[in-house]
Amino acid sequence: MDDLQLLRATRNDIGTIPAATLARGRERLMRASHSDPAPHQFEDVFQDEGVFGVSHDASRRSRSVRFRRGFAVAAAAAVILTGALVAADVVLPDRRPISAAAAVLEDAAAATVRTSDPVVLPGQYLEIETRALYGASSPGEGLTWDVVQADELYIPADPHEEWIWNRQAPVPTESAPEIVKEAARLQPTVDPATYAALTGVFRAPGGAFGNGEQYTIIGEPLTEADNLARDPKALLDRIYEHTEGAGKTPDLEAFETIVESLRTGIIPADLRAAFYGAAALIPGVDIMDSQATIDGRTGVAIGIAPPEGGSRQDIIIDPTSGLVIGEQIVMLKDYPGAPAGTVESWTSVQTSVVDSAP
Amino acid sequence: MNTDAEIVERSRYGPAAFGELYDRHGPDIYRYAARRAGDFVAEDVMAETFLIAFEGRFDFVGSTGAVRPWLFGIATNLLRRHHRAEERVLRALVKLGGRVEDPDFLGAVDERLDAPGNQARIARALQGLPAIDRDAILLLAWADLSYEDIATATAVPLGTVRSRINRARRKLRVNLTLSDQEDDHGRSAVAPRNA
């Protein structure tokens, strides 16, 4: 049983609606339908206090509100598109970068194109090693600590064939409370069933692990990635179209989409270069740290400042190789035990071709 | 038979048609809310969801498939107002896990033994999730929405839903493997069960 199955099984016997409750609710609705009040509650309901400042406030805007303001949204979209068009006109023809970040991204794009993708021959696998550090907590005890979790994904030469995913157990970092470290050590013997369900080697044809979901890039299945534009401006337009109405700002959301796509480690070189070019065209994208170290490797952290603090997501690029080496989330406000500037979590990604998989 | 979208369309001219939408989806909204925050809150959330949807019916534009996510999106946001109730439910579940130690329970079949322990683990893990991640994972697991539906319900791109669920599952796995052990540290409940 995996974590999702455990979750599904939890409280599965709860929540059958009593007939009287159903009837009461219908009566309330019918009463309201007779008085037919004007819309007023959406703004309130869709306001969001936010957690860790993750960009989602405006994304809570309801479909209804969005359509009610159809003209305003269309006008705003036109402004965005025009903005992108103007930026493209300024940047692309003479390849003169408009910011330091754009220069780094253009270097990375150029390096990416120079170093072609490793060829995965039949029988070989593309191995994507991911190492992530993130926080875990036990609210009951008021404890928080960091863990590092590593996994390796093996994608066969023909991506329709069986993918293999080796998931390792999360390991508390050195600074974790001793009781947590002890629990982690005891886990395999104390609760082998849970341990076996969550760690080990998993296999799935076409990469549809667990819930049958496969990787997608801006909504396209991985196998259809060839259909995505390689022209940065066209790709960015596609991203804005895909993320319309979501996120704190269209630019933040577009950048996040690019980070999510690159994070997979499976983007072909020409598309990766286009993503860099697209990121360079997003207004506000800038260098946040020119010497960001992630899991022992150093690169340039590129991000976009959210309008009102919270946290910021950076992508970390090695401009000389054009490779994404990871990403980080940096807190922009003081939180208990974590002052502004703390790297809340990071993920490092490393890709190589291997002859065998577990 | 009318599709959901047709009912919404029809309700613009004849408000009573909205009752049909309520009959179709009310019980599921209730169930989702009850699992998250208990029956008392569920009744309120369900009723409010349909009142808000009714008020917003002129603004709804979308396919039939978008109606259900639309309703769940409203319910999910309403549940934010009841986060204390949800916390109470989760705390109660954590305590419920302690019943594994109850000798009366030891006579039950393995599955029944497993259930409260799992519930406690899950509840503890859910307590540790940020609200946006918790919404995404529970819309998937408890409301049976697809990734696309969750994207519609929470008005974020599919990629964001994917990363929220991935993040939630990652944290769930960590807390499932660690927090419960920490809680059971020094007790005998878990070890003999698996010995």
# chains A, B, ... in the order shown; residues from 1 in each chain; ligands from 1
$ residues_around --residues "A:Trp163" --least-positions-apart "5" --cutoff "6 Å" --atoms "only C-alpha atoms" --output "list of chain:residue names"
A:Tyr154, A:Ile155, A:Arg203, A:Ala204, A:Pro205, A:Gly207
$ write_last_selection --atoms "all heavy atoms" --output "short mmCIF file (atom, residue, chain, number, x, y, z; two decimals), in the first residue's frame"
data_model
loop_
_atom_site.label_atom_id
_atom_site.label_comp_id
_atom_site.auth_asym_id
_atom_site.auth_seq_id
_atom_site.Cartn_x
_atom_site.Cartn_y
_atom_site.Cartn_z
N TYR A 154 14.90 5.85 -13.76
CA TYR A 154 15.55 5.30 -14.94
C TYR A 154 14.53 5.24 -16.08
O TYR A 154 13.52 4.54 -15.97
CB TYR A 154 16.08 3.89 -14.66
CG TYR A 154 17.13 3.85 -13.56
CD1 TYR A 154 16.76 3.78 -12.22
CD2 TYR A 154 18.48 3.91 -13.87
CE1 TYR A 154 17.71 3.76 -11.22
CE2 TYR A 154 19.45 3.88 -12.87
CZ TYR A 154 19.06 3.80 -11.55
OH TYR A 154 20.00 3.78 -10.56
N ILE A 155 14.82 6.01 -17.15
CA ILE A 155 13.90 6.05 -18.27
C ILE A 155 14.53 5.28 -19.44
O ILE A 155 15.65 5.59 -19.85
CB ILE A 155 13.62 7.51 -18.69
CG1 ILE A 155 13.10 8.30 -17.48
CG2 ILE A 155 12.64 7.57 -19.85
CD1 ILE A 155 12.99 9.78 -17.72
N ARG A 203 8.30 -0.10 -10.49
CA ARG A 203 8.34 -0.20 -11.94
C ARG A 203 6.99 0.16 -12.54
O ARG A 203 5.96 -0.18 -11.97
CB ARG A 203 8.70 -1.64 -12.36
CG ARG A 203 10.06 -2.07 -11.87
CD ARG A 203 10.30 -3.56 -11.97
NE ARG A 203 11.45 -3.92 -11.15
CZ ARG A 203 12.72 -3.74 -11.52
NH1 ARG A 203 12.99 -3.25 -12.73
NH2 ARG A 203 13.71 -4.05 -10.71
N ALA A 204 7.03 0.84 -13.70
CA ALA A 204 5.77 1.21 -14.35
C ALA A 204 6.00 1.42 -15.84
O ALA A 204 6.90 2.17 -16.22
CB ALA A 204 5.20 2.48 -13.72
N PRO A 205 5.21 0.78 -16.67
CA PRO A 205 5.33 1.01 -18.11
C PRO A 205 5.02 2.47 -18.43
O PRO A 205 4.05 3.03 -17.91
CB PRO A 205 4.25 0.10 -18.73
CG PRO A 205 3.85 -0.84 -17.63
CD PRO A 205 4.12 -0.16 -16.34
N GLY A 207 6.22 5.07 -17.37
CA GLY A 207 6.41 6.01 -16.26
C GLY A 207 5.14 6.35 -15.51
O GLY A 207 5.10 7.32 -14.75
#
$ residues_around --residues "stretch 288-300 of chain A" --least-positions-apart "6" --cutoff "6 Å" --atoms "only C-alpha atoms" --output "list in words"
Ile316, Ile317 and Asp318 of chain A
$ write_last_selection --atoms "N, CA, C and O atoms" --output "PDB file, in the first residue's frame"
ATOM      1  N   ILE A 316      18.623  26.938 -10.457  1.00  0.00           N
ATOM      2  CA  ILE A 316      20.074  27.094 -10.407  1.00  0.00           C
ATOM      3  C   ILE A 316      20.695  26.432 -11.636  1.00  0.00           C
ATOM      4  O   ILE A 316      20.456  25.248 -11.910  1.00  0.00           O
ATOM      5  N   ILE A 317      21.422  27.251 -12.375  1.00  0.00           N
ATOM      6  CA  ILE A 317      21.934  26.840 -13.677  1.00  0.00           C
ATOM      7  C   ILE A 317      23.451  26.947 -13.681  1.00  0.00           C
ATOM      8  O   ILE A 317      24.017  27.891 -13.132  1.00  0.00           O
ATOM      9  N   ASP A 318      24.079  25.973 -14.314  1.00  0.00           N
ATOM     10  CA  ASP A 318      25.506  26.082 -14.587  1.00  0.00           C
ATOM     11  C   ASP A 318      25.632  26.664 -16.003  1.00  0.00           C
ATOM     12  O   ASP A 318      25.397  25.954 -16.980  1.00  0.00           O
TER      13      ASP A 318
END
$ select_by_dssp --residues "stretch 135-341 of chain A" --states "helix (DSSP H, G or I)" --output "ChimeraX atom specification"
/A:178-190,192-198,222-227,232-242,250-263,269-281
$ write_last_selection --atoms "C-alpha atoms" --output "mmCIF file, in the first residue's frame"
data_model
loop_
_atom_site.group_PDB
_atom_site.id
_atom_site.type_symbol
_atom_site.label_atom_id
_atom_site.label_comp_id
_atom_site.auth_asym_id
_atom_site.auth_seq_id
_atom_site.Cartn_x
_atom_site.Cartn_y
_atom_site.Cartn_z
ATOM 1 C CA GLU A 178 18.059 12.506 18.255
ATOM 2 C CA ILE A 179 14.632 10.938 18.723
ATOM 3 C CA VAL A 180 13.862 11.555 15.062
ATOM 4 C CA LYS A 181 17.141 10.009 13.933
ATOM 5 C CA GLU A 182 16.508 7.026 16.128
ATOM 6 C CA ALA A 183 13.007 6.608 14.692
ATOM 7 C CA ALA A 184 14.423 6.728 11.174
ATOM 8 C CA ARG A 185 16.974 4.048 12.016
ATOM 9 C CA LEU A 186 14.316 1.819 13.557
ATOM 10 C CA GLN A 187 11.760 2.337 10.819
ATOM 11 C CA PRO A 188 12.598 -0.730 8.680
ATOM 12 C CA THR A 189 12.311 -3.103 11.616
ATOM 13 C CA VAL A 190 9.571 -1.409 13.601
ATOM 14 C CA PRO A 192 8.378 -2.899 7.762
ATOM 15 C CA ALA A 193 5.049 -2.735 5.913
ATOM 16 C CA THR A 194 4.980 1.034 5.704
ATOM 17 C CA TYR A 195 8.664 1.156 4.986
ATOM 18 C CA ALA A 196 8.344 -1.300 2.109
ATOM 19 C CA ALA A 197 5.371 0.587 0.677
ATOM 20 C CA LEU A 198 7.256 3.852 0.526
ATOM 21 C CA LEU A 222 6.371 13.836 -22.448
ATOM 22 C CA THR A 223 6.089 11.805 -25.623
ATOM 23 C CA GLU A 224 4.510 14.848 -27.312
ATOM 24 C CA ALA A 225 7.249 17.264 -26.218
ATOM 25 C CA ASP A 226 8.354 17.529 -29.835
ATOM 26 C CA ASN A 227 5.203 19.543 -30.525
ATOM 27 C CA PRO A 232 11.448 31.264 -27.005
ATOM 28 C CA LYS A 233 8.808 33.869 -27.725
ATOM 29 C CA ALA A 234 6.343 31.306 -29.091
ATOM 30 C CA LEU A 235 7.085 28.984 -26.165
ATOM 31 C CA LEU A 236 6.535 31.800 -23.675
ATOM 32 C CA ASP A 237 3.244 32.691 -25.338
ATOM 33 C CA ARG A 238 2.216 29.083 -24.972
ATOM 34 C CA ILE A 239 3.172 29.154 -21.286
ATOM 35 C CA TYR A 240 1.187 32.355 -20.660
ATOM 36 C CA GLU A 241 -1.760 30.779 -22.428
ATOM 37 C CA HIS A 242 -1.457 27.639 -20.311
ATOM 38 C CA PRO A 250 1.283 35.950 -14.916
ATOM 39 C CA ASP A 251 5.056 36.403 -14.880
ATOM 40 C CA LEU A 252 5.551 34.530 -11.595
ATOM 41 C CA GLU A 253 3.367 31.723 -12.806
ATOM 42 C CA ALA A 254 5.156 31.518 -16.154
ATOM 43 C CA PHE A 255 8.514 31.326 -14.402
ATOM 44 C CA GLU A 256 7.247 28.650 -12.037
ATOM 45 C CA THR A 257 6.034 26.634 -15.007
ATOM 46 C CA ILE A 258 9.482 26.823 -16.571
ATOM 47 C CA VAL A 259 11.127 25.704 -13.323
ATOM 48 C CA GLU A 260 8.711 22.799 -13.035
ATOM 49 C CA SER A 261 9.456 21.685 -16.566
ATOM 50 C CA LEU A 262 13.224 21.914 -16.209
ATOM 51 C CA ARG A 263 13.125 20.161 -12.825
ATOM 52 C CA ALA A 269 18.481 20.050 -25.186
ATOM 53 C CA ASP A 270 16.802 22.125 -27.899
ATOM 54 C CA LEU A 271 13.656 22.534 -25.811
ATOM 55 C CA ARG A 272 15.728 23.307 -22.725
ATOM 56 C CA ALA A 273 17.456 26.102 -24.624
ATOM 57 C CA ALA A 274 14.036 27.438 -25.637
ATOM 58 C CA PHE A 275 12.925 27.392 -21.986
ATOM 59 C CA TYR A 276 15.997 29.432 -21.018
ATOM 60 C CA GLY A 277 15.221 31.880 -23.805
ATOM 61 C CA ALA A 278 11.609 32.097 -22.646
ATOM 62 C CA ALA A 279 12.676 32.707 -19.029
ATOM 63 C CA ALA A 280 14.944 35.528 -20.224
ATOM 64 C CA LEU A 281 11.924 37.235 -21.780
#
$ select_by_dssp --residues "stretch 120-298 of chain A" --states "strand (DSSP E or B)" --output "ChimeraX atom specification"
/A:125-138,143-156,162-167,171-172,200-205,216-217,220-221,285-294,297-298
$ closest_residue --among "B:Phe40, B:Glu6, B:Glu55, B:Ala75" --to "chain A" --atoms "only C-alpha atoms"
B:Glu55
$ closest_residue --among "A:Ile287, A:Leu121, A:Val147, A:Ile164" --to "A:Tyr134" --atoms "only C-alpha atoms"
A:Val147
$ atom_distance --atom1 "atom CA of B:Ala168" --atom2 "atom CA of A:Leu133"
14.1 Å
$ closest_residue --among "B:Arg84, B:Ile150, B:Leu90, B:Phe50" --to "B:Ala120" --atoms "only C-alpha atoms"
B:Leu90
$ closest_residue --among "A:Ile329, A:Ala102, A:Val148, A:Ala157" --to "chain B" --atoms "only C-alpha atoms"
A:Val148
$ residues_around --residues "B:Trp70" --least-positions-apart "3" --cutoff "8 Å" --atoms "only C-alpha atoms" --output "list in words"
Arg63 of chain A; Ala66, Val67, Gly73, Ile74, Thr152 and Ala153 of chain B
$ write_last_selection --atoms "N, CA, C and O atoms" --output "mmCIF file, in the first residue's frame"
data_model
loop_
_atom_site.group_PDB
_atom_site.id
_atom_site.type_symbol
_atom_site.label_atom_id
_atom_site.label_comp_id
_atom_site.auth_asym_id
_atom_site.auth_seq_id
_atom_site.Cartn_x
_atom_site.Cartn_y
_atom_site.Cartn_z
ATOM 1 N N ARG A 63 -13.320 31.016 -11.201
ATOM 2 C CA ARG A 63 -13.701 30.988 -12.604
ATOM 3 C C ARG A 63 -14.773 32.039 -12.867
ATOM 4 O O ARG A 63 -14.731 32.746 -13.851
ATOM 5 N N ALA B 66 -16.500 20.863 -16.032
ATOM 6 C CA ALA B 66 -15.954 21.891 -15.137
ATOM 7 C C ALA B 66 -16.885 22.207 -13.976
ATOM 8 O O ALA B 66 -16.500 22.882 -13.028
ATOM 9 N N VAL B 67 -18.118 21.717 -14.040
ATOM 10 C CA VAL B 67 -19.094 22.070 -13.008
ATOM 11 C C VAL B 67 -18.703 21.458 -11.659
ATOM 12 O O VAL B 67 -18.668 22.137 -10.634
ATOM 13 N N GLY B 73 -14.172 23.401 -5.797
ATOM 14 C CA GLY B 73 -13.295 24.542 -5.553
ATOM 15 C C GLY B 73 -13.899 25.484 -4.518
ATOM 16 O O GLY B 73 -13.221 25.940 -3.592
ATOM 17 N N ILE B 74 -15.193 25.736 -4.671
ATOM 18 C CA ILE B 74 -15.879 26.610 -3.701
ATOM 19 C C ILE B 74 -15.866 25.953 -2.315
ATOM 20 O O ILE B 74 -15.534 26.584 -1.309
ATOM 21 N N THR B 152 -8.738 22.935 -12.247
ATOM 22 C CA THR B 152 -9.921 23.788 -12.425
ATOM 23 C C THR B 152 -10.453 24.256 -11.076
ATOM 24 O O THR B 152 -10.770 25.430 -10.889
ATOM 25 N N ALA B 153 -10.547 23.326 -10.135
ATOM 26 C CA ALA B 153 -11.126 23.652 -8.829
ATOM 27 C C ALA B 153 -10.305 24.701 -8.093
ATOM 28 O O ALA B 153 -10.856 25.573 -7.435
#
